[in-house]
file upload21.pdb (PDB, C-alpha atoms)
ATOM      1  CA  MET A   1       7.536  39.057 111.033
ATOM      2  CA  THR A   2      10.199  36.340 111.034
ATOM      3  CA  LEU A   3      13.859  37.240 110.783
ATOM      4  CA  VAL A   4      14.110  35.413 107.460
ATOM      5  CA  VAL A   5      11.449  37.666 105.983
ATOM      6  CA  LEU A   6      13.132  40.692 107.552
ATOM      7  CA  ALA A   7      16.432  39.643 105.993
ATOM      8  CA  GLY A   8      14.780  39.498 102.584
ATOM      9  CA  LEU A   9      13.204  42.924 103.001
ATOM     10  CA  LEU A  10      16.473  44.484 104.184
ATOM     11  CA  GLY A  11      18.398  42.863 101.349
ATOM     12  CA  GLY A  12      15.862  44.160  98.848
ATOM     13  CA  PHE A  13      16.030  47.639 100.386
ATOM     14  CA  SER A  14      19.835  47.629 100.099
ATOM     15  CA  ALA A  15      19.654  46.553  96.444
ATOM     16  CA  LEU A  16      17.030  49.229  95.774
ATOM     17  CA  LEU A  17      19.249  51.960  97.233
ATOM     18  CA  LEU A  18      22.390  50.820  95.414
ATOM     19  CA  GLY A  19      20.619  50.338  92.091
ATOM     20  CA  PRO A  20      17.412  52.080  90.973
ATOM     21  CA  ALA A  21      17.468  54.761  93.692
ATOM     22  CA  SER A  22      21.032  55.767  92.770
ATOM     23  CA  VAL A  23      20.171  55.929  89.068
ATOM     24  CA  TRP A  24      17.160  58.093  89.888
ATOM     25  CA  LEU A  25      19.262  60.407  92.072
ATOM     26  CA  SER A  26      21.847  60.788  89.308
ATOM     27  CA  ARG A  27      19.102  62.268  87.120
ATOM     28  CA  ALA A  28      17.581  64.494  89.815
ATOM     29  CA  ARG A  29      18.710  67.964  88.732
ATOM     30  CA  TRP A  30      16.562  69.562  91.432
ATOM     31  CA  LEU A  31      19.140  68.464  94.008
ATOM     32  CA  GLN A  32      21.376  71.214  92.620
ATOM     33  CA  HIS A  33      19.071  73.796  94.203
ATOM     34  CA  VAL A  34      19.800  72.324  97.676
ATOM     35  CA  PRO A  35      23.383  71.059  97.295
ATOM     36  CA  ARG A  36      24.219  70.528 100.967
ATOM     37  CA  CYS A  37      21.064  68.541 101.568
ATOM     38  CA  GLY A  38      21.681  66.693  98.304
ATOM     39  CA  VAL A  39      25.026  65.533  99.703
ATOM     40  CA  VAL A  40      23.240  64.358 102.863
ATOM     41  CA  LEU A  41      20.818  62.350 100.710
ATOM     42  CA  TRP A  42      23.589  60.716  98.657
ATOM     43  CA  GLN A  43      25.491  59.841 101.819
ATOM     44  CA  GLY A  44      22.336  58.555 103.464
ATOM     45  CA  VAL A  45      21.654  56.258 100.520
ATOM     46  CA  GLY A  46      25.175  54.832 100.733
ATOM     47  CA  LEU A  47      25.134  54.363 104.506
ATOM     48  CA  GLY A  48      21.581  53.033 104.504
ATOM     49  CA  SER A  49      22.453  50.408 101.892
ATOM     50  CA  ILE A  50      25.485  49.243 103.900
ATOM     51  CA  LEU A  51      23.515  49.026 107.154
ATOM     52  CA  SER A  52      20.679  47.205 105.407
ATOM     53  CA  GLY A  53      23.057  44.663 103.843
ATOM     54  CA  ILE A  54      24.846  43.943 107.112
ATOM     55  CA  ALA A  55      21.568  43.777 109.039
ATOM     56  CA  ALA A  56      20.107  41.409 106.432
ATOM     57  CA  GLY A  57      23.034  39.038 106.819
ATOM     58  CA  LEU A  58      22.853  39.147 110.611
ATOM     59  CA  ALA A  59      19.088  38.620 110.626
ATOM     60  CA  LEU A  60      19.536  35.495 108.527
ATOM     61  CA  ALA A  61      22.427  34.289 110.678
ATOM     62  CA  VAL A  62      20.579  34.604 114.014
ATOM     63  CA  SER A  63      17.133  33.450 112.885
ATOM     64  CA  ARG A  64      17.840  29.950 114.323
ATOM     65  CA  TYR A  65      17.821  31.293 117.892
ATOM     66  CA  ARG A  66      14.157  32.418 117.622
ATOM     67  CA  VAL A  67      14.646  35.171 120.195
ATOM     68  CA  GLY A  68      14.429  38.217 117.927
ATOM     69  CA  PHE A  69      17.190  40.193 116.278
ATOM     70  CA  ALA A  70      18.780  41.763 119.363
ATOM     71  CA  GLY A  71      18.548  38.523 121.340
ATOM     72  CA  GLY A  72      19.895  36.532 118.430
ATOM     73  CA  VAL A  73      22.900  38.829 117.974
ATOM     74  CA  THR A  74      23.556  38.554 121.712
ATOM     75  CA  GLU A  75      23.518  34.763 121.475
ATOM     76  CA  LEU A  76      25.795  34.863 118.428
ATOM     77  CA  VAL A  77      28.318  37.060 120.250
ATOM     78  CA  LYS A  78      28.208  34.746 123.278
ATOM     79  CA  GLY A  79      28.892  31.792 120.996
ATOM     80  CA  ILE A  80      31.835  33.527 119.336
ATOM     81  CA  PHE A  81      33.479  34.467 122.636
ATOM     82  CA  GLY A  82      32.534  31.109 124.135
ATOM     83  CA  GLY A  83      34.524  29.247 121.513
ATOM     84  CA  ARG A  84      31.509  27.786 119.681
ATOM     85  CA  PRO A  85      30.714  30.293 116.907
ATOM     86  CA  LEU A  86      29.551  27.653 114.392
ATOM     87  CA  GLN A  87      27.488  25.488 116.714
ATOM     88  CA  GLY A  88      24.059  24.807 115.201
ATOM     89  CA  LEU A  89      24.895  26.856 112.092
ATOM     90  CA  GLY A  90      22.928  25.773 109.014
ATOM     91  CA  LEU A  91      23.502  26.637 105.363
ATOM     92  CA  TYR A  92      21.353  29.773 105.292
ATOM     93  CA  ASP A  93      22.671  30.871 108.677
ATOM     94  CA  ALA A  94      26.226  30.499 107.397
ATOM     95  CA  LEU A  95      25.404  32.461 104.224
ATOM     96  CA  GLY A  96      23.919  35.280 106.284
ATOM     97  CA  LEU A  97      26.874  35.435 108.648
ATOM     98  CA  THR A  98      29.286  35.382 105.706
ATOM     99  CA  LEU A  99      27.391  38.226 103.998
ATOM    100  CA  ALA A 100      27.439  40.420 107.106
ATOM    101  CA  ALA A 101      31.090  39.689 107.896
ATOM    102  CA  ASP A 102      32.266  40.171 104.300
ATOM    103  CA  LEU A 103      30.440  43.462 103.913
ATOM    104  CA  ALA A 104      31.854  44.845 107.149
ATOM    105  CA  LEU A 105      35.368  43.524 106.515
ATOM    106  CA  VAL A 106      35.689  44.367 102.815
ATOM    107  CA  LEU A 107      34.260  47.851 103.172
ATOM    108  CA  GLY A 108      36.329  48.502 106.291
ATOM    109  CA  VAL A 109      39.575  47.384 104.648
ATOM    110  CA  CYS A 110      38.849  49.259 101.409
ATOM    111  CA  PHE A 111      38.044  52.442 103.298
ATOM    112  CA  ALA A 112      41.190  52.142 105.418
ATOM    113  CA  VAL A 113      43.431  51.539 102.393
ATOM    114  CA  VAL A 114      41.943  54.365 100.334
ATOM    115  CA  THR A 115      42.099  56.713 103.327
ATOM    116  CA  MET A 116      45.778  55.991 103.920
ATOM    117  CA  ARG A 117      46.619  56.493 100.238
ATOM    118  CA  THR A 118      44.724  59.779 100.135
ATOM    119  CA  ILE A 119      46.397  61.023 103.309
ATOM    120  CA  ARG A 120      49.846  60.134 101.938
ATOM    121  CA  ARG A 121      49.173  61.939  98.655
ATOM    122  CA  ARG A 122      48.040  65.041 100.476
ATOM    123  CA  ALA A 123      51.011  64.880 102.856
ATOM    124  CA  ARG A 124      53.455  64.727  99.928
ATOM    125  CA  HIS A 125      51.756  67.673  98.285
ATOM    126  CA  ARG A 126      51.786  69.597 101.566
ATOM    127  CA  LYS A 127      55.552  69.129 101.872
ATOM    128  CA  LEU A 128      55.960  70.404  98.329
ATOM    129  CA  LEU A 129      53.897  73.489  99.127
ATOM    130  CA  ASP A 130      56.143  74.199 102.117
ATOM    131  CA  LEU A 131      59.039  74.563  99.668
ATOM    132  CA  VAL A 132      57.497  76.578  96.846
ATOM    133  CA  THR A 133      54.763  78.848  98.253
ATOM    134  CA  TYR A 134      54.850  82.263  99.875
ATOM    135  CA  GLU A 135      52.276  84.311 101.814
ATOM    136  CA  SER A 136      50.834  87.652 100.763
ATOM    137  CA  PRO A 137      49.719  90.231 103.337
ATOM    138  CA  HIS A 138      46.928  91.276 100.952
ATOM    139  CA  TYR A 139      45.266  87.833 101.053
ATOM    140  CA  PRO A 140      45.542  86.398 104.601
ATOM    141  CA  GLY A 141      45.168  82.656 104.958
ATOM    142  CA  THR A 142      46.175  82.106 101.329
ATOM    143  CA  GLU A 143      49.424  80.780  99.892
ATOM    144  CA  PHE A 144      50.837  81.763  96.512
ATOM    145  CA  LEU A 145      52.835  79.967  93.851
ATOM    146  CA  VAL A 146      55.213  81.702  91.489
ATOM    147  CA  ASP A 147      53.482  80.304  88.410
ATOM    148  CA  GLU A 148      52.151  81.984  85.286
ATOM    149  CA  ARG A 149      49.357  79.409  85.025
ATOM    150  CA  ALA A 150      46.028  80.124  86.737
ATOM    151  CA  VAL A 151      46.048  77.958  89.857
ATOM    152  CA  ALA A 152      43.421  77.998  92.612
ATOM    153  CA  TYR A 153      42.631  75.086  94.920
ATOM    154  CA  CYS A 154      42.084  73.955  98.494
ATOM    155  CA  LEU A 155      44.220  71.106  99.791
ATOM    156  CA  PRO A 156      42.098  69.284 102.425
ATOM    157  CA  GLY A 157      43.500  68.076 105.712
ATOM    158  CA  VAL A 158      43.518  68.788 109.422
ATOM    159  CA  HIS A 159      44.753  72.244 108.498
ATOM    160  CA  PRO A 160      43.393  72.922 104.972
ATOM    161  CA  ARG A 161      45.514  75.110 102.734
ATOM    162  CA  ILE A 162      44.277  77.497 100.076
ATOM    163  CA  VAL A 163      46.694  77.915  97.174
ATOM    164  CA  LEU A 164      46.631  80.447  94.354
ATOM    165  CA  SER A 165      49.220  81.472  91.787
ATOM    166  CA  ASP A 166      50.539  84.757  90.501
ATOM    167  CA  GLY A 167      48.900  83.844  87.201
ATOM    168  CA  THR A 168      45.487  83.770  88.897
ATOM    169  CA  VAL A 169      45.993  87.291  90.252
ATOM    170  CA  THR A 170      46.919  88.495  86.765
ATOM    171  CA  LEU A 171      44.023  86.696  85.072
ATOM    172  CA  LEU A 172      41.154  87.719  87.343
ATOM    173  CA  GLU A 173      39.652  91.028  88.365
ATOM    174  CA  PRO A 174      39.833  91.817  92.113
ATOM    175  CA  ASP A 175      36.191  90.917  92.797
ATOM    176  CA  GLU A 176      36.584  87.700  90.807
ATOM    177  CA  LEU A 177      39.737  86.808  92.716
ATOM    178  CA  TRP A 178      37.994  87.278  96.062
ATOM    179  CA  ALA A 179      35.087  85.183  94.792
ATOM    180  CA  VAL A 180      37.523  82.336  94.103
ATOM    181  CA  ILE A 181      39.185  82.746  97.510
ATOM    182  CA  HIS A 182      35.801  82.599  99.259
ATOM    183  CA  HIS A 183      34.942  79.494  97.240
ATOM    184  CA  GLU A 184      38.090  77.736  98.413
ATOM    185  CA  ARG A 185      37.519  78.902 101.981
ATOM    186  CA  ALA A 186      34.139  77.171 101.853
ATOM    187  CA  HIS A 187      35.851  73.851 101.077
ATOM    188  CA  ALA A 188      38.166  74.422 104.029
ATOM    189  CA  HIS A 189      35.589  75.668 106.564
ATOM    190  CA  GLU A 190      32.977  73.024 105.736
ATOM    191  CA  ARG A 191      35.497  70.146 105.668
ATOM    192  CA  HIS A 192      34.529  68.924 102.211
ATOM    193  CA  GLY A 193      37.679  66.799 102.167
ATOM    194  CA  LEU A 194      36.187  64.581 104.877
ATOM    195  CA  VAL A 195      32.932  64.297 102.943
ATOM    196  CA  MET A 196      34.719  63.081  99.821
ATOM    197  CA  LEU A 197      37.129  60.769 101.648
ATOM    198  CA  PRO A 198      34.796  57.711 101.631
ATOM    199  CA  MET A 199      34.165  58.309  97.932
ATOM    200  CA  ALA A 200      37.842  58.133  96.920
ATOM    201  CA  GLY A 201      38.410  55.000  94.900
ATOM    202  CA  VAL A 202      34.800  53.763  95.219
ATOM    203  CA  SER A 203      34.075  54.083  91.510
ATOM    204  CA  ARG A 204      37.129  51.970  90.642
ATOM    205  CA  LEU A 205      36.582  49.262  93.257
ATOM    206  CA  PHE A 206      32.843  48.786  92.808
ATOM    207  CA  SER A 207      32.182  50.121  89.303
ATOM    208  CA  TRP A 208      29.541  47.445  88.672
ATOM    209  CA  ILE A 209      27.307  49.055  91.327
ATOM    210  CA  PRO A 210      25.301  52.094  90.128
ATOM    211  CA  TYR A 211      25.838  53.938  93.427
ATOM    212  CA  ALA A 212      29.614  53.584  93.112
ATOM    213  CA  ARG A 213      29.502  54.874  89.530
ATOM    214  CA  TYR A 214      27.347  57.904  90.187
ATOM    215  CA  ALA A 215      27.831  58.991  93.802
ATOM    216  CA  PRO A 216      31.456  60.275  93.699
ATOM    217  CA  SER A 217      30.974  62.613  90.733
ATOM    218  CA  HIS A 218      27.568  63.877  91.865
ATOM    219  CA  ILE A 219      28.664  64.471  95.459
ATOM    220  CA  SER A 220      31.739  66.312  94.160
ATOM    221  CA  LEU A 221      29.561  68.530  91.966
ATOM    222  CA  LEU A 222      27.151  69.261  94.824
ATOM    223  CA  LEU A 223      30.046  70.205  97.103
ATOM    224  CA  GLU A 224      31.336  72.611  94.459
ATOM    225  CA  MET A 225      27.864  74.151  94.227
ATOM    226  CA  ALA A 226      27.708  74.451  98.011
ATOM    227  CA  ALA A 227      31.044  76.278  97.917
ATOM    228  CA  ASP A 228      29.681  78.468  95.110
ATOM    229  CA  ASP A 229      26.770  79.466  97.344
ATOM    230  CA  PHE A 230      29.159  80.262 100.201
ATOM    231  CA  SER A 231      31.150  82.545  97.900
ATOM    232  CA  ALA A 232      28.091  84.111  96.250
ATOM    233  CA  ARG A 233      26.693  85.182  99.630
ATOM    234  CA  ARG A 234      29.874  87.170 100.232
ATOM    235  CA  GLY A 235      30.752  88.605  96.851
ATOM    236  CA  GLY A 236      27.822  88.057  94.506
ATOM    237  CA  ARG A 237      27.111  85.457  91.859
ATOM    238  CA  ARG A 238      28.338  87.159  88.684
ATOM    239  CA  PRO A 239      31.978  87.696  89.755
ATOM    240  CA  LEU A 240      32.209  84.029  90.678
ATOM    241  CA  ALA A 241      30.563  82.930  87.430
ATOM    242  CA  ALA A 242      33.029  85.034  85.438
ATOM    243  CA  ALA A 243      35.939  83.646  87.450
ATOM    244  CA  LEU A 244      34.801  80.055  86.865
ATOM    245  CA  VAL A 245      34.721  80.613  83.112
ATOM    246  CA  GLU A 246      38.225  82.107  83.138
ATOM    247  CA  MET A 247      39.626  79.395  85.423
ATOM    248  CA  ALA A 248      38.035  76.608  83.401
ATOM    249  CA  THR A 249      39.784  77.944  80.304
ATOM    250  CA  HIS A 250      43.204  78.627  81.805
ATOM    251  CA  GLY A 251      43.230  76.944  85.217
ATOM    252  CA  TRP A 252      45.063  73.933  86.641
ATOM    253  CA  ALA A 253      44.970  72.035  89.959
ATOM    254  CA  PRO A 254      46.306  68.741  91.388
ATOM    255  CA  GLY A 255      44.007  65.745  91.591
ATOM    256  CA  CYS A 256      44.180  65.524  95.396
ATOM    257  CA  ALA A 257      42.653  68.988  95.915
ATOM    258  CA  PHE A 258      39.402  70.914  95.422
ATOM    259  CA  ALA A 259      39.808  73.237  92.458
ATOM    260  CA  ALA A 260      37.562  76.257  91.920
ATOM    261  CA  ALA A 261      36.866  75.146  88.354
ATOM    262  CA  GLY A 262      37.150  71.468  89.135
ATOM    263  CA  SER A 263      33.919  69.874  87.929
ATOM    264  CA  GLY A 264      30.614  70.769  86.301
ATOM    265  CA  VAL A 265      31.598  74.321  85.378
ATOM    266  CA  VAL A 266      28.827  74.673  82.781
ATOM    267  CA  GLU A 267      26.120  73.561  85.225
ATOM    268  CA  ARG A 268      27.555  75.707  87.998
ATOM    269  CA  VAL A 269      27.793  78.864  85.884
ATOM    270  CA  SER A 270      24.239  78.374  84.604
ATOM    271  CA  ARG A 271      23.056  77.872  88.172
ATOM    272  CA  LEU A 272      24.825  81.028  89.369
ATOM    273  CA  LEU A 273      23.380  83.154  86.568
ATOM    274  CA  GLU A 274      19.908  81.702  87.132
ATOM    275  CA  ASP A 275      19.974  83.073  90.700
ATOM    276  CA  ARG A 276      17.138  80.834  91.867
ATOM    277  CA  PRO A 277      16.615  80.996  95.656
ATOM    278  CA  CYS A 278      16.846  77.812  97.696
ATOM    279  CA  SER A 279      13.533  76.491  98.995
ATOM    280  CA  LYS A 280      13.746  75.759 102.718
ATOM    281  CA  SER A 281      10.943  73.232 102.487
ATOM    282  CA  SER A 282      12.776  71.367  99.716
ATOM    283  CA  ALA A 283      15.987  71.403 101.744
ATOM    284  CA  VAL A 284      14.232  69.954 104.797
ATOM    285  CA  LEU A 285      12.504  67.308 102.670
ATOM    286  CA  VAL A 286      15.730  66.180 100.983
ATOM    287  CA  ALA A 287      17.730  66.126 104.230
ATOM    288  CA  GLY A 288      14.901  64.282 105.968
ATOM    289  CA  LEU A 289      14.838  61.673 103.218
ATOM    290  CA  GLY A 290      18.590  61.171 103.637
ATOM    291  CA  VAL A 291      18.166  60.604 107.369
ATOM    292  CA  ALA A 292      15.143  58.333 106.821
ATOM    293  CA  VAL A 293      16.983  55.833 104.616
ATOM    294  CA  VAL A 294      19.593  55.432 107.370
ATOM    295  CA  VAL A 295      17.068  55.179 110.202
ATOM    296  CA  ALA A 296      14.797  52.728 108.354
ATOM    297  CA  PRO A 297      17.035  49.609 108.625
ATOM    298  CA  LEU A 298      17.974  50.498 112.215
ATOM    299  CA  ALA A 299      14.305  50.837 113.181
ATOM    300  CA  ALA A 300      13.463  47.571 111.415
ATOM    301  CA  VAL A 301      15.977  45.531 113.414
ATOM    302  CA  ALA A 302      15.235  47.409 116.649
ATOM    303  CA  PHE A 303      11.631  46.191 116.614
ATOM    304  CA  ALA A 304      12.329  42.743 115.153
TER     305      ALA A 304
END
call {"tool": "encode", "arguments": {"input": "upload21.pdb", "output": "structure tokens"}}
result
Amino acid sequence: MTLVVLAGLLGGFSALLLGPASVWLSRARWLQHVPRCGVVLWQGVGLGSILSGIAAGLALAVSRYRVGFAGGVTELVKGIFGGRPLQGLGLYDALGLTLAADLALVLGVCFAVVTMRTIRRRARHRKLLDLVTYESPHYPGTEFLVDERAVAYCLPGVHPRIVLSDGTVTLLEPDELWAVIHHERAHAHERHGLVMLPMAGVSRLFSWIPYARYAPSHISLLLEMAADDFSARRGGRRPLAAALVEMATHGWAPGCAFAAAGSGVVERVSRLLEDRPCSKSSAVLVAGLGVAVVVAPLAAVAFA
């Protein structure tokens, strides 16, 4: 297989993942039965599409060397550091190199900018919490606001913070309150803030791409369902379902945090009341598919 053909196949694979595959995933309700593995699959599709696009550009750029992908990349790097990066570069080679460089640079810059903005927002909110919250000996590891509104959220970070309000304690029964606390602890323990970090701003920057439109909201919903499962294993499903209904009606949370009743409350409550056990075989299949779409472009260029 020539590198030009490989570039076409990788480019087509990237387009398939970003387009039709993402649309299909957005309609796959069965992922809600294996939420953690569903997140792995969504992330795998995104990472696999990026790797395929960059590899496609590089394959096209180094095809002129006729020494395979690895050898061609080695020659390209030697040319760059030897002061002759454009020597022998034709039109298609230049297009491929531009594609690979632009993808890596644009995505890298966008991720860095969005990450810094998100970190600053969370830092400002953390400073505010230092001024207005207090700790309760009855709920260790949880901070409270003097607020009549029902507030319950996890602020992600190096040291995640779980925040509730006096209004939440008044609104919920004790078992419901603990269900909410366990839900927020799941976000903190499983570092869901890091999972969502690459998704912040993606839908606004690349809204013309189906993956960018669908992935952030669906990954967020799956993370909430994963946190629901964490809580349900400790306090049961019905107290959490009841708490979600109450919090969805009266609750509030900042946009930079994970709220207990943040997204997809109807789907999550229905899922909790359904009490359908997770299939281990389905979980392995979904997670394996997520890994496969990342490994596929790497394997293709490794043997090119």
call {"tool": "closest_residue", "arguments": {"input": "upload21.pdb", "among": "A:Leu194, A:Ile219, A:Leu107, A:Ala242", "to": "A:Val39", "atoms": "only C-alpha atoms"}}
result
A:Ile219
call {"tool": "residues_near_point", "arguments": {"input": "upload21.pdb", "point": "(49.1, 83.8, 99.4)", "cutoff": "12 Å", "atoms": "only C-alpha atoms", "output": "PyMOL selection string"}}
result
chain A and resi 129+132-146+151-153+161-166+168-169+177+181
call {"tool": "residues_around", "arguments": {"input": "upload21.pdb", "residues": "A:Tyr65", "least_positions_apart": "5", "cutoff": "9 Å", "atoms": "only C-alpha atoms", "output": "list in words"}}
result
Gly71, Gly72, Glu75 and Leu76 of chain A
call {"tool": "atom_distance", "arguments": {"input": "upload21.pdb", "atom1": "atom CA of A:Leu6", "atom2": "atom CA of A:Trp24"}}
result
25.1 Å
call {"tool": "residues_around", "arguments": {"input": "upload21.pdb", "residues": "A:Val301", "least_positions_apart": "3", "cutoff": "9 Å", "atoms": "all atoms listed in the file", "output": "list in words"}}
result
Leu3, Leu6, Ala55, Ala59, Gly68, Phe69, Ala70, Ala296, Pro297, Leu298 and Ala304 of chain A
call {"tool": "resolve_selection", "arguments": {"input": "upload21.pdb", "expression": "the PyMOL selection byres ((chain A and resi 228) around 8)", "output": "PyMOL selection string"}}
result
chain A and resi 183+224-227+229-232+240+268+272
call {"tool": "write_last_selection", "arguments": {"input": "upload21.pdb", "atoms": "C-alpha atoms", "output": "short mmCIF file (atom, residue, chain, number, x, y, z; two decimals), in the frame of the given file"}}
result
data_model
loop_
_atom_site.label_atom_id
_atom_site.label_comp_id
_atom_site.auth_asym_id
_atom_site.auth_seq_id
_atom_site.Cartn_x
_atom_site.Cartn_y
_atom_site.Cartn_z
CA HIS A 183 34.94 79.49 97.24
CA GLU A 224 31.34 72.61 94.46
CA MET A 225 27.86 74.15 94.23
CA ALA A 226 27.71 74.45 98.01
CA ALA A 227 31.04 76.28 97.92
CA ASP A 229 26.77 79.47 97.34
CA PHE A 230 29.16 80.26 100.20
CA SER A 231 31.15 82.54 97.90
CA ALA A 232 28.09 84.11 96.25
CA LEU A 240 32.21 84.03 90.68
CA ARG A 268 27.56 75.71 88.00
CA LEU A 272 24.82 81.03 89.37
#
call {"tool": "atom_distance", "arguments": {"input": "upload21.pdb", "atom1": "atom CA of A:Leu60", "atom2": "atom CA of A:Gly290"}}
result
26.2 Å
call {"tool": "residues_around", "arguments": {"input": "upload21.pdb", "residues": "A:Leu289", "least_positions_apart": "6", "cutoff": "9 Å", "atoms": "only C-alpha atoms", "output": "MDAnalysis selection string"}}
result
chainID A and resid 40:41 44
call {"tool": "residues_around", "arguments": {"input": "upload21.pdb", "residues": "A:Thr98", "least_positions_apart": "6", "cutoff": "9 Å", "atoms": "only C-alpha atoms", "output": "list of chain:residue names"}}
result
A:Gly57, A:Leu58, A:Ala61
call {"tool": "resolve_selection", "arguments": {"input": "upload21.pdb", "expression": "the PyMOL selection byres ((chain A and resi 205) around 12)", "output": "PDB file with C-alpha atoms, in the coordinates of the input"}}
result
ATOM      1  CA  VAL A 106      35.689  44.367 102.815  1.00  0.00           C
ATOM      2  CA  LEU A 107      34.260  47.851 103.172  1.00  0.00           C
ATOM      3  CA  VAL A 109      39.575  47.384 104.648  1.00  0.00           C
ATOM      4  CA  CYS A 110      38.849  49.259 101.409  1.00  0.00           C
ATOM      5  CA  PHE A 111      38.044  52.442 103.298  1.00  0.00           C
ATOM      6  CA  VAL A 113      43.431  51.539 102.393  1.00  0.00           C
ATOM      7  CA  VAL A 114      41.943  54.365 100.334  1.00  0.00           C
ATOM      8  CA  MET A 199      34.165  58.309  97.932  1.00  0.00           C
ATOM      9  CA  ALA A 200      37.842  58.133  96.920  1.00  0.00           C
ATOM     10  CA  GLY A 201      38.410  55.000  94.900  1.00  0.00           C
ATOM     11  CA  VAL A 202      34.800  53.763  95.219  1.00  0.00           C
ATOM     12  CA  SER A 203      34.075  54.083  91.510  1.00  0.00           C
ATOM     13  CA  ARG A 204      37.129  51.970  90.642  1.00  0.00           C
ATOM     14  CA  PHE A 206      32.843  48.786  92.808  1.00  0.00           C
ATOM     15  CA  SER A 207      32.182  50.121  89.303  1.00  0.00           C
ATOM     16  CA  TRP A 208      29.541  47.445  88.672  1.00  0.00           C
ATOM     17  CA  ILE A 209      27.307  49.055  91.327  1.00  0.00           C
ATOM     18  CA  TYR A 211      25.838  53.938  93.427  1.00  0.00           C
ATOM     19  CA  ALA A 212      29.614  53.584  93.112  1.00  0.00           C
ATOM     20  CA  ARG A 213      29.502  54.874  89.530  1.00  0.00           C
TER      21      ARG A 213
END
call {"tool": "closest_residue", "arguments": {"input": "upload21.pdb", "among": "A:Ala243, A:Leu17, A:Cys278, A:Ala179", "to": "A:Val265", "atoms": "all atoms listed in the file"}}
result
A:Ala243
call {"tool": "atom_distance", "arguments": {"input": "upload21.pdb", "atom1": "atom CA of A:Arg64", "atom2": "atom CA of A:Phe13"}}
result
22.6 Å
call {"tool": "build_atoms", "arguments": {"input": "upload21.pdb", "residues": "stretch 43-59 of chain A", "atoms": "N, CA and C atoms", "output": "tab-separated table (two decimals), in the frame of the given file"}}
result
chain	number	residue	atom	x	y	z
A	43	GLN	N	24.80	60.56	100.76
A	43	GLN	CA	25.49	59.84	101.82
A	43	GLN	C	24.54	58.92	102.58
A	44	GLY	N	23.31	59.38	102.79
A	44	GLY	CA	22.34	58.56	103.46
A	44	GLY	C	22.02	57.29	102.68
A	45	VAL	N	21.91	57.42	101.36
A	45	VAL	CA	21.65	56.26	100.52
A	45	VAL	C	22.79	55.25	100.63
A	46	GLY	N	24.04	55.74	100.60
A	46	GLY	CA	25.18	54.83	100.73
A	46	GLY	C	25.23	54.15	102.09
A	47	LEU	N	25.07	54.93	103.16
A	47	LEU	CA	25.13	54.36	104.51
A	47	LEU	C	23.94	53.45	104.78
A	48	GLY	N	22.77	53.86	104.31
A	48	GLY	CA	21.58	53.03	104.50
A	48	GLY	C	21.69	51.69	103.81
A	49	SER	N	22.29	51.67	102.61
A	49	SER	CA	22.45	50.41	101.89
A	49	SER	C	23.43	49.48	102.61
A	50	ILE	N	24.50	50.06	103.16
A	50	ILE	CA	25.48	49.24	103.90
A	50	ILE	C	24.85	48.66	105.16
A	51	LEU	N	24.16	49.50	105.93
A	51	LEU	CA	23.52	49.03	107.15
A	51	LEU	C	22.46	47.97	106.85
A	52	SER	N	21.71	48.18	105.77
A	52	SER	CA	20.68	47.20	105.41
A	52	SER	C	21.30	45.87	105.01
A	53	GLY	N	22.40	45.90	104.25
A	53	GLY	CA	23.06	44.66	103.84
A	53	GLY	C	23.61	43.89	105.02
A	54	ILE	N	24.28	44.60	105.93
A	54	ILE	CA	24.85	43.94	107.11
A	54	ILE	C	23.73	43.40	108.00
A	55	ALA	N	22.68	44.22	108.20
A	55	ALA	CA	21.57	43.78	109.04
A	55	ALA	C	20.85	42.58	108.42
A	56	ALA	N	20.74	42.55	107.10
A	56	ALA	CA	20.11	41.41	106.43
A	56	ALA	C	20.89	40.13	106.69
A	57	GLY	N	22.20	40.21	106.56
A	57	GLY	CA	23.03	39.04	106.82
A	57	GLY	C	22.93	38.57	108.26
A	58	LEU	N	22.95	39.52	109.20
A	58	LEU	CA	22.85	39.15	110.61
A	58	LEU	C	21.49	38.56	110.94
A	59	ALA	N	20.43	39.14	110.37
A	59	ALA	CA	19.09	38.62	110.63
A	59	ALA	C	18.97	37.17	110.17
